[in-house]
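Peer 1: Quick one: the structure is below, questions incoming.
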Amino acid sequence: MKPASFDYVSASSIDQAVSVLSELGDEAKVIAGGQSLVAMMNFRLARPATLVDINRVPGLDVIDVGADSVAVGALVRHRRLELGGEVPGPLGDLLAEAGHHVGHLPIRTRGTFCGSIAHADPASEWCVLAALLDARMEATSTRGTRLIPAEEFFVTVFTTALEPDEILTAVHLPLLSENHHVGFAEFSRRAGDFAIVMAMTAIEVADGRITDARVALGGVAAQPTRSSAAEAVLVGRAPGAETFADAASAAAENVTPHGDVHGPAEYRVDLVRAMVRRSLTRALGEG
Amino acid sequence: MVIGQRVKRLEDYPLLTGRGGFAADQSRTGQLHARFVRSQVAHGRISGIETDQARARPGVVAVLTAADLPPSFPKIAPRQVGFDEMVPYLQSVLACDRVRYVGEPIAVVIATDAYEAEDAAEDVFVHIEELTVVVDPRVEPSAWDDLGHDTEVMLINEAYGEVDEAFSTAECVVELELSVGRHSGVPMETRGTLAWTDPMTGTLHVGGAAKVPHYNRNALASMLGLDRDRVQLHEIHVGGGFGIRGELYPEDVVVAWAALRLGRPVKWIEDRQEHLIAANHSRDQVHVIKAAVGLDGVIHAIDDEFWQDQGAYVRTHGATVPTLTATLLPGPYRVPAYRVRGHIRLTNKTPAGTYRAPGRYEGSFVRERLVDVIAERLDLDPAEVRRRNLIGHEEMPYLRPMSVLGSKIEYDSGQYVRMLDRVLDHVDYPTLRADVAQRRADGEHVGFGFGFFVEKSGLGPYEGVRASVDPDGALRIVTGAASVGQGVETTIAQIASEVLGIDYASIRVSHGQTDELPYGFGAFASRVTVMTGSATHLAATEIREKALEIAAQMLEASPEDLELVDGRISVRGTPARSLTLGQVAADLDPSGARRHGTTPSLSAESWFHTDHMTYPYGLHFAVVHLDPETGHVAFERYVIAYDVGRAINPTLIEGQIVGGLAQGLGGALYEQFVYDDLAQPQATSFIDYLMPTLMEMPEVEVLLSEDAPSPLNPLGVKGAGEGGTTGAGAAIAGAISDALGSAEIIHSIPVAPATIWATLNDA
Ligand SMILES: Cc1cc2nc3c(=O)[nH]c(=O)nc-3n(C[C@H](O)[C@H](O)[C@H](O)COP(=O)(O)OP(=O)(O)OC[C@H]3O[C@@H](n4cnc5c(N)ncnc54)[C@H](O)[C@@H]3O)c2cc1C
């Protein structure tokens, strides 16, 4: 469990980092927190010829709060979002709640938000959050900067729309108004494990009716996914146990997960039902 | 009084301040690094090994295969419970013509650093013609080799009493099939060794030894054709043992041999992936058990047949685990007639050995599940059925007419009923039962379970110490036993301190060094406090007597008038007339000793011998709550009562119990070495081999008792190392089954949440 040999470049600027990437293409890999990449290298499942370390690049460790969105820079660690206090409103609450469930404390103090998004594990809290909020990923290369919407970004397990020469410099998330209620629920065998199934919800309520509903799921497909079926059930109805149960059933009826060591496919389906209901209940109380 | 005190561990200062020295911390000038090339197929014939490309890599010093070993190089023999039948099934240190499990060492690459060695190992190409695999130990035995041996190594048979008669007249017969999954001790520190020869003496030294350094020294010397005194093993800090770490494995022998052959130090540090496929697995038994019972719940006979999945070879433990399973299965109950047949079967999986509470974890699971089902079928309370079958205090010592590990099974002492009552009182059982029943009626899934067990500890035949007081008053104790981190130094120091009145914290205890004492048995079977502790008590007592006798001469008083307090000997009533133990020791240099007419030095070497084990006992009691939607198991209570006869340091014992539970709980809920149909291991990293963490642990209520001191040693102690593990599978499975609505639901562990979910959602 020692990595194969590799070259190492510690970039001191984004320009330097992207020019090394453009030169080496898929021979090179960005290393941020290293919490996924180093493990894969130790298993020799990843064998990058060159590592481009972005940890010393100035300006990437920023959380930039704008009028209606927030940009999370490439060196923002999980722990910072978990501790909260920087991102206002319900989005800040959701980041703190979900962030607490990412791995274990040492992993959270080192691993990055953008690293999780770039790694694209379909059961990652941040990937599910990106799907939930239609996050836009800011990809930078020598060719310039582009924004990739979440639905295009997550291609399949561990695969994104990032080109080998691109760095994910930030992820842009919409701020949520105070009318939004957010909820999160996941089930894993042990605390700190990747979830078997996860649900995240953001619900806007006005005059006792749900006016906007977002429900996203992790662990049920090759990408983090929205449950349009659950969302459709929710909009227009009054929040409450019955509404949540109906939405949860709609979510469960519209997933087609695979069985694995943790149990058969039907188990995951039932977990979807439970997690969606619980996340809605946590978002809105019993209504 | 320092025995019985919760004094701080002497071991902790270096460990907590980063000064510990573990296997990987050692290094020697000019050392090389070993990396093993392991089989990736579960069964096959080796048709060729290409090593040229690996040899040509930078930094590679040697690539060695079985062909490089001296002719007829010995295989690794059983250390205990070995039988002649096992000889054909022993493992070669490097595979010769067949491989039989994924992970079997085939070649070793030796290079100047560990990274180069691992790179080069990838360039060793092994050609293997695959053969069919055996995954299920219960299928009809098939051919194991070309010499006519089949996959059943041996059949263990034990019996006493009139079993058939009991069944033919039984009012009720309960039969169950029960199984315990494949899991094992997974110490935080993986295996590791550093071997080197001293150029001045030619002696081979091996650092990083654990558990049984003396046995391994002798075995290594004999395998390598060296005199015993030319091989010395050195135990340093050990990051967990649990039965598996410290046994003599193929890698240990290959590394030592390579160091001799290459004339340079060779270091090998196992990585976690290797550990999970190469170090001993354990448990993995299927039982078909039957009980003949009266309508009052009294068990008249038990008849058990079980299959032990031994994996691909017989290793150093021989038949230890199945033998312990077979003979200790009746546990705390009378069971007047008993018969057991245990099949030791080979499969194409990692070989198995002992793991904390070997045979007792499995047997207790089986027995306690059986008792729960008996209670349910007869509509009796599970605690009451236990009470009716428990061996009474007045029946002690209780002879179970079988023997194990060379000693007859005679429970030395025990107050089992008293322990049951203590736990029932502690949890307020009637209220708890009523409460659980009410909550169940309200639709909750709650339940409780018991795991009553008898442990065994203090395995002989002997252990010794050499104790000596320096002229400056310091006491140093050397034992041949070993430490796997359990607090040996503290415990031994407390015992010596009690006798000699020297501050325990000033006593130095050395262990696990083959060059300090020629004999030692080691750290296993919860034996060190019993064996080394008793030897320490003898040695300290001898020193005390000698000191008083010499001091009497020095103080011109009679020995009866002297007292020894805080390391100072004084004439009773005249404290001014006194001497320190150091002053006495100083007066016992060879000239002084001659003057006093005695042997030099204030020291003693004492050996404690025993043919009998001591039998501590305990009870786990769990209350669980199940989440019907996820199958998650939440512990509402976890109580462990344990009787160790006499608790030298209750804090250390509680630590053993709680830590032991983490492992028992792992086996009940999380840990499993899963194999697919091709015998490919599926749990080869911590992603898939789920160790419980602190977050999965319940708050444990430990009820330590000293109701039944052992009559077999001067201190009355019994071992404390395993009881935290033993009853866990039984209690947790019982509680889950109960919460699922019936004692008859859970038949195997580990219990996955999906199983619980499936049960509750089909119902
Ligand atoms: C035991 C354990 C448990 C864990 N549990 C969870 C969990 O429950 N939930 C969860 O979400 N995660 C979990 N993780 C993963 C953890 O969150 C990682 O930190 C995260 O997945 C990757 O972030 P990183 O900064 O460490 O990225 P790295 O490991 O450095 O990189 C990961 C991948 O992303 C690429 N990459 C990283 N940053 C960029 C960038 N800015 N631009 C382009 N590519 C980039 C790398 O090239 C690499 O391919 C766990 C990890 C461990 C070891």
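Residue numbers start at 1 in each chain; chains themselves are named A, B, ... in the order of the structure tokens; ligands are numbered from 1 in the order shown.
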What do you get as number ranges by chain if you pick all residues at most 8 Å from ligand 1, counting only C-alpha atoms and all ligand atoms?
Peer 2: A: 29-39, 54, 74-75, 77-78, 101-104, 107-108, 110-121, 123-127, 139, 162, 166-170, 192-195; B: 687
Peer 1: Would you tabulate, counting only C-alpha atoms, all residues of chain A that have an atom at most 7 Å from an atom of chain B, showing the closest pair of atoms and their distance in Å to one decimal, sorted by chain then ascending number, as CSV?
Peer 2:
```
residue,atom,partner,partner_atom,distance
A:Met1,CA,B:Asp271,CA,6.1
A:Lys2,CA,B:Tyr115,CA,6.1
A:Ala4,CA,B:Asp119,CA,6.5
A:Arg190,CA,B:Glu696,CA,6.7
A:Ala191,CA,B:Met695,CA,6.3
A:His262,CA,B:Ala754,CA,6.6
A:Gly263,CA,B:Ala754,CA,5.3
A:Tyr267,CA,B:Ala754,CA,6.6
A:Asp270,CA,B:Glu629,CA,7.0
A:Leu271,CA,B:Thr630,CA,6.2
A:Ala274,CA,B:Glu629,CA,6.3
```
Peer 1: So that I can check the secondary structure, give me every residue of segment 25-243 of chain A assigned strand (DSSP E or B) by backbone DSSP, as an MDAnalysis selection string.
Peer 2: chainID A and resid 28:31 50:53 63:65 69:73 77 112 136:141 144:149 154:156 159:160 167:174 180:187 197:206 209:218 225:226
Peer 1: Would you pick out the contacts of segment 594-596 of chain B at 9 Å or less, using only C-alpha atoms, so that residues sharing its chain but fewer than 6 positions from it are not included, and give the list as a ChimeraX atom specification?
Peer 2: /B:550,553,587-588
Peer 1: Taking 3 positions as the minimum chain separation for residues in the same chain, which residues sit within 8 Å of Arg98 of chain B when counting only C-alpha atoms? Answer as number ranges by chain.
Peer 2: B: 43-46, 95
Peer 1: Need to verify the contact set: Pro88 of chain A, 10 Å, only C-alpha atoms, exclusion of same-chain residues closer than 2 positions in sequence. Can you return it as a list in words?
Peer 2: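 The contact residues come out as Val65, Val70, Gly84, Gly85, Glu86, Pro90, Leu91, Gly92, Asp93, Leu175, Leu176, Ser177 and Glu178 of chain A.
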Peer 1: Could those residues be written to a file, using N, CA and C atoms, as a short mmCIF file (atom, residue, chain, number, x, y, z; two decimals), in the first residue's frame?
Peer 2:
```cif
data_model
loop_
_atom_site.label_atom_id
_atom_site.label_comp_id
_atom_site.auth_asym_id
_atom_site.auth_seq_id
_atom_site.Cartn_x
_atom_site.Cartn_y
_atom_site.Cartn_z
N VAL A 65 -19.17 35.29 -0.42
CA VAL A 65 -20.63 35.42 -0.32
C VAL A 65 -21.09 36.62 -1.12
N VAL A 70 -23.09 32.02 -3.43
CA VAL A 70 -21.84 31.94 -2.70
C VAL A 70 -20.89 31.06 -3.52
N GLY A 84 -19.50 26.42 10.17
CA GLY A 84 -20.50 27.43 9.82
C GLY A 84 -20.08 28.84 10.16
N GLY A 85 -21.07 29.74 10.12
CA GLY A 85 -20.82 31.13 10.48
C GLY A 85 -20.45 32.03 9.30
N GLU A 86 -20.17 31.43 8.16
CA GLU A 86 -19.77 32.28 7.04
C GLU A 86 -20.85 32.38 5.98
N PRO A 90 -30.45 29.56 5.36
CA PRO A 90 -30.64 28.10 5.36
C PRO A 90 -29.51 27.34 4.65
N LEU A 91 -28.89 27.96 3.65
CA LEU A 91 -27.79 27.27 2.98
C LEU A 91 -26.65 26.99 3.96
N GLY A 92 -26.35 27.99 4.80
CA GLY A 92 -25.32 27.80 5.81
C GLY A 92 -25.67 26.65 6.75
N ASP A 93 -26.94 26.58 7.12
CA ASP A 93 -27.38 25.49 8.01
C ASP A 93 -27.21 24.13 7.35
N LEU A 175 -27.74 31.15 -2.76
CA LEU A 175 -28.15 31.34 -1.37
C LEU A 175 -29.64 31.05 -1.28
N LEU A 176 -30.07 30.58 -0.13
CA LEU A 176 -31.49 30.25 0.02
C LEU A 176 -32.14 31.29 0.92
N SER A 177 -33.34 31.74 0.51
CA SER A 177 -34.02 32.77 1.29
C SER A 177 -34.53 32.17 2.60
N GLU A 178 -34.92 33.03 3.51
CA GLU A 178 -35.39 32.57 4.82
C GLU A 178 -36.69 31.78 4.71
#
```
Peer 1: In Å, how far is it from atom CA of Glu444 of chain B to atom CA of Ala383 of chain B?
Peer 2: 22.3 Å
Peer 1: Any idea what the distance is between atom CA of Leu517 of chain B and atom CA of Ile236 of chain B?
Peer 2: 15.8 Å
Peer 1: Just list as JSON, numbers by chain whatever in segment 46-126 of chain A DSSP marks as alpha helix (DSSP H).
Peer 2: {"A": [78, 79, 80, 81, 82, 83, 89, 90, 91, 92, 93, 94, 95, 96, 97, 98, 99, 100, 105, 106, 107, 108, 109, 110, 113, 114, 115, 116, 117, 118, 119, 125, 126]}
Peer 1: Write out as a PyMOL selection string each polymer residue whose atoms come within 9 Å of segment 395-411 of chain B, counting only C-alpha atoms; drop sequence neighbours fewer than 6 positions from it.
Peer 2: chain B and resi 80-81+158-160+320+323-324+327-328+334+454+456+459-460+611-616
Peer 1: Can you tell me how far atom CA of Ile749 of chain B sits from atom CA of Glu699 of chain B, in Å to one decimal?
Peer 2: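 If I compute the distance from atom CA of Ile749 of chain B to atom CA of Glu699 of chain B, I get 21.6 Å.
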Peer 1: Name all residues at most 8 Å from Gly741 of chain B (count only C-alpha atoms; drop same-chain ones fewer than 4 positions away) and give them as number ranges by chain.
Peer 2: B: 445, 737, 745
Peer 1: Would you output that residue set with C-alpha atoms, as a compact mmCIF listing (two decimals), in the first residue's frame?
Peer 2:
```txt
# COMPACT_ATOMS: atom_id res chain seq x y z
CA HIS B 445 -38.94 -3.08 18.29
CA SER B 737 -33.86 -11.72 17.93
CA ILE B 745 -35.14 -15.46 14.30
```
Peer 1: Would you mind telling me which residue in A:Glu186, A:Asp61, A:Asp53, A:Asp207 lies nearest to Pro239 of chain A when using only C-alpha atoms?
Peer 2: A:Asp207
